[in-house]
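Engineer: My structure file start09.txt, compact mmCIF, C-alpha atoms, is below:
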# COMPACT_ATOMS: atom_id res chain seq x y z
CA THR A 675 34.47 102.13 28.55
CA LEU A 676 30.67 102.15 28.25
CA ALA A 677 30.27 102.90 31.94
CA SER A 678 32.78 105.76 31.87
CA ALA A 679 31.17 107.29 28.78
CA LEU A 680 27.72 106.95 30.36
CA ALA A 681 28.92 108.64 33.56
CA TRP A 682 30.43 111.48 31.52
CA ALA A 683 27.16 111.97 29.60
CA LEU A 684 24.84 111.83 32.62
CA LEU A 685 26.50 112.51 35.97
CA ASP A 686 27.65 115.67 37.68
CA GLN A 687 31.36 115.28 38.24
CA ASP A 688 32.27 118.91 38.92
CA ASP A 689 30.51 119.70 42.18
CA PRO A 690 31.67 117.52 45.11
CA GLU A 691 28.23 117.97 46.72
CA ARG A 692 26.49 116.51 43.66
CA ILE A 693 28.76 113.60 42.72
CA GLY A 694 26.56 110.79 41.42
CA ARG A 695 23.61 113.12 40.76
CA LEU A 696 22.15 113.63 37.30
CA LYS A 697 23.59 116.43 35.19
CA ILE A 698 22.90 115.65 31.57
CA ILE A 699 25.83 116.70 29.40
CA ASP A 700 24.73 114.78 26.29
CA ALA A 701 21.25 113.21 26.45
CA ASP A 702 21.50 111.61 23.01
CA MET A 703 24.79 109.92 23.88
CA GLY A 704 23.40 108.79 27.23
CA CYS A 705 20.33 107.28 25.54
CA GLU A 706 22.45 105.49 22.95
CA ILE A 707 24.83 104.04 25.56
CA LEU A 708 21.87 102.80 27.63
CA ARG A 709 20.47 101.19 24.46
CA VAL A 710 23.81 99.51 23.73
CA CYS A 711 23.97 98.19 27.31
CA TYR A 712 20.39 96.91 26.93
CA ALA A 713 21.22 95.20 23.62
CA ILE A 714 24.21 93.47 25.21
CA ALA A 715 22.23 92.43 28.29
CA ALA A 716 19.15 91.29 26.35
CA GLY A 717 21.15 89.57 23.62
CA GLY A 718 21.03 86.16 25.22
CA ALA A 719 24.62 86.11 26.35
CA SER A 720 24.75 87.08 29.98
CA ALA A 721 26.08 90.58 30.41
CA PRO A 722 29.03 89.96 32.74
CA PHE A 723 29.63 93.68 33.18
CA LEU A 724 26.20 93.91 34.84
CA ASP A 725 26.47 90.71 36.88
CA ASP A 726 29.92 91.19 38.36
CA ARG A 727 29.61 92.91 41.76
CA GLU A 728 33.35 93.56 41.86
CA ASN A 729 33.34 95.27 38.45
CA GLU A 730 33.56 99.05 38.80
CA GLY A 731 31.70 99.44 35.49
CA ALA A 732 28.66 97.65 36.89
CA THR A 733 28.62 100.02 39.87
CA ILE A 734 28.93 103.08 37.64
CA ILE A 735 26.06 101.90 35.43
CA GLY A 736 23.98 101.32 38.58
CA VAL A 737 24.74 104.84 39.83
CA CYS A 738 23.73 106.22 36.42
CA LEU A 739 20.46 104.25 36.47
CA ARG A 740 19.69 105.52 39.95
CA ALA A 741 20.41 109.11 38.87
CA VAL A 742 18.16 108.74 35.83
CA LEU A 743 15.31 107.30 37.92
CA LEU A 744 15.59 109.81 40.76
CA ASP A 745 16.11 112.94 38.68
CA GLU A 746 13.85 115.84 39.67
CA ARG A 747 11.59 116.85 36.79
CA ASP A 748 8.07 117.84 35.90
CA PRO A 749 5.91 115.03 37.32
CA TRP A 750 4.10 114.53 33.99
CA LYS A 751 7.23 114.21 31.86
CA VAL A 752 9.03 110.95 31.21
CA PRO A 753 12.07 111.81 29.09
CA GLN A 754 13.57 109.28 26.71
CA ILE A 755 16.58 108.83 29.02
CA CYS A 756 14.19 107.44 31.67
CA ARG A 757 12.58 105.06 29.21
CA ASP A 758 15.97 103.79 28.04
CA GLY A 759 17.10 103.39 31.66
CA ILE A 760 14.00 101.36 32.45
CA HIS A 761 14.61 99.12 29.44
CA LEU A 762 18.13 98.39 30.70
CA LEU A 763 16.77 97.80 34.18
CA THR A 764 14.53 95.00 32.83
CA CYS A 765 17.71 93.02 32.08
CA ALA A 766 19.54 93.91 35.26
CA PRO A 767 20.48 91.24 37.77
CA ARG A 768 18.64 90.99 41.08
CA THR A 769 21.51 92.76 42.85
CA TYR A 770 20.67 95.97 40.95
CA TYR A 771 17.09 95.85 42.20
CA VAL A 772 18.22 95.27 45.77
CA TRP A 773 20.64 98.20 45.53
CA LEU A 774 18.00 100.46 43.95
CA VAL A 775 15.46 99.58 46.66
CA GLU A 776 18.06 100.38 49.32
CA ASN A 777 18.69 103.73 47.61
CA GLY A 778 15.09 104.94 47.24
CA SER A 779 14.17 104.17 43.64
CA PRO A 780 10.85 102.24 43.90
CA ALA A 781 8.76 105.37 44.49
CA ARG A 782 10.39 106.97 41.46
CA LEU A 783 9.39 104.00 39.29
CA HIS A 784 5.80 104.58 40.38
CA ASN A 785 6.16 108.27 39.51
CA ILE A 786 7.40 107.31 36.05
CA LEU A 787 4.68 104.71 35.52
CA GLU A 788 1.80 107.05 36.42
CA PRO A 789 2.14 109.51 33.51
CA LEU A 790 2.82 106.68 31.07
CA LEU A 791 -0.47 105.05 32.08
CA VAL A 792 -2.45 108.29 32.14
CA PHE A 793 -1.23 109.42 28.71
CA TYR A 794 -1.93 105.97 27.27
CA LEU A 795 -5.26 105.11 28.92
CA VAL A 796 -6.90 108.45 29.70
CA GLU A 797 -5.46 111.01 27.31
CA GLU A 798 -4.94 108.55 24.43
CA ASP A 799 -1.96 110.68 23.47
CA PRO A 800 -0.62 109.43 20.10
CA ASP A 801 2.96 109.83 21.34
CA HIS A 802 2.25 107.35 24.12
CA GLN A 803 0.51 104.59 22.21
CA GLU A 804 3.26 101.99 22.45
CA PRO A 805 2.43 100.23 25.72
CA ASP A 806 4.74 97.31 24.96
CA ARG A 807 7.70 99.69 24.68
CA GLN A 808 6.78 102.15 27.43
CA ILE A 809 4.39 100.75 30.02
CA VAL A 810 5.26 97.05 30.09
CA PRO A 811 8.99 97.54 30.88
CA CYS A 812 8.14 99.93 33.70
CA LEU A 813 5.54 97.49 35.11
CA GLU A 814 8.12 94.70 34.94
CA CYS A 815 10.64 96.78 36.91
CA VAL A 816 8.01 97.68 39.54
CA ARG A 817 7.11 93.99 39.83
CA LYS A 818 10.74 92.96 40.35
Is it possible to give me this structure as structure tokens?
Structural biologist:
Amino acid sequence: TLASALAWALLDQDDPERIGRLKIIDADMGCEILRVCYAIAAGGASAPFLDDRENEGATIIGVCLRAVLLDERDPWKVPQICRDGIHLLTCAPRTYYVWLVENGSPARLHNILEPLLVFYLVEEDPDHQEPDRQIVPCLECVRK
């Protein structure tokens, strides 16, 4: 149910050429679902819906994460949906990272990390002064 709702909120399902690409229908709902998935995964109990390779929900969540990470946007903007996706990615099993690497996401993680670091270290932007919530998760994902 979570995966289907996330796909509805974030993925283009109308245009056959864009299936699996980001088309945000409801950003707030997408952010909240990613946060719920993160809470389940980080809650100590293993998140079987993320670990099960045969589970269609795990695949859908992975497609949504890839769409969030690879979305085309202003290079100096990191929307909340990206930050929430990165938080979920910190709890993802190794298979997610392998799949994301095979599908071109590492460069996008670097593109997300750069503005976070610049706004925190150089600009000292007050909206970006939570390195433990913004920079550290992204660094952890790049490291993995």
Engineer: Using all atoms listed in the file, what table do you get, as JSON lines, when you list each residue of region 686-709 of chain A with an atom no more than 7 Å from region 754-772 of chain A, its nearest pair of atoms, and their distance in Å rounded to one decimal, rows by chain then rising number?
Structural biologist:
{"residue": "A:Ala701", "atom": "CA", "partner": "A:Ile755", "partner_atom": "CA", "distance": 6.9}
{"residue": "A:Cys705", "atom": "CA", "partner": "A:Ile755", "partner_atom": "CA", "distance": 5.3}
{"residue": "A:Leu708", "atom": "CA", "partner": "A:Asp758", "partner_atom": "CA", "distance": 6.0}
{"residue": "A:Arg709", "atom": "CA", "partner": "A:Asp758", "partner_atom": "CA", "distance": 6.3}
Engineer: Using only C-alpha atoms, find the one residue out of A:Leu680, A:Cys815, A:Ile707, A:Val810 that sits nearest to Val737 (chain A).
Structural biologist: A:Leu680
Engineer: Give me the residues within 12 Å of Ile735 (chain A) as an MDAnalysis selection string, counting all atoms listed in the file and dropping any in the same chain fewer than 3 places off.
Structural biologist: chainID A and resid 675:685 694 704 707:708 711:712 723:727 729:732 738:742 759 762:763 766 770 774
Engineer: Let me know the centre plus edge lengths, in Å and rounded to one decimal, of a box with edges along x, y and z that contains all listed atoms of region 731-750 of chain A and is padded by 4 Å on every side, as lines of an AutoDock Vina configuration file.
Structural biologist:
center_x = 17.9
center_y = 107.7
center_z = 37.4
size_x = 35.6
size_y = 28.2
size_z = 14.8
Engineer: Would you compute the distance between CA of Asp748 (chain A) and CA of Asn785 (chain A)? Give it in Å to one decimal.
Structural biologist: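 Interatomic distance here is 10.4 Å.
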Engineer: What separation in Å, quoted to one decimal, exists between CA of Lys751 (chain A) and CA of Ile786 (chain A)?
Structural biologist: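 CA of Ile786 (chain A) lies at a distance of 8.1 Å from CA of Lys751 (chain A).
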Engineer: Can you list, as a PyMOL selection string, every protein, DNA or RNA residue that comes within 8 Å of Leu783 (chain A) when you count all atoms listed in the file, leaving out same-chain residues fewer than 2 positions away?
Structural biologist: chain A and resi 743+779-781+785-787+812+815-816
Engineer: To one decimal place in Å, what is the distance between CA of Arg695 (chain A) and CA of Val775 (chain A)?
Structural biologist: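 We find that CA of Arg695 (chain A) and CA of Val775 (chain A) lie 16.9 Å from each other.
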Engineer: Using all atoms listed in the file, which residues sit within 9 Å of Pro789 (chain A) once same-chain residues fewer than 6 positions away are excluded, as a list in words?
Structural biologist: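 What passes the distance filter is Pro749, Trp750, Lys751 and Val752 of chain A.
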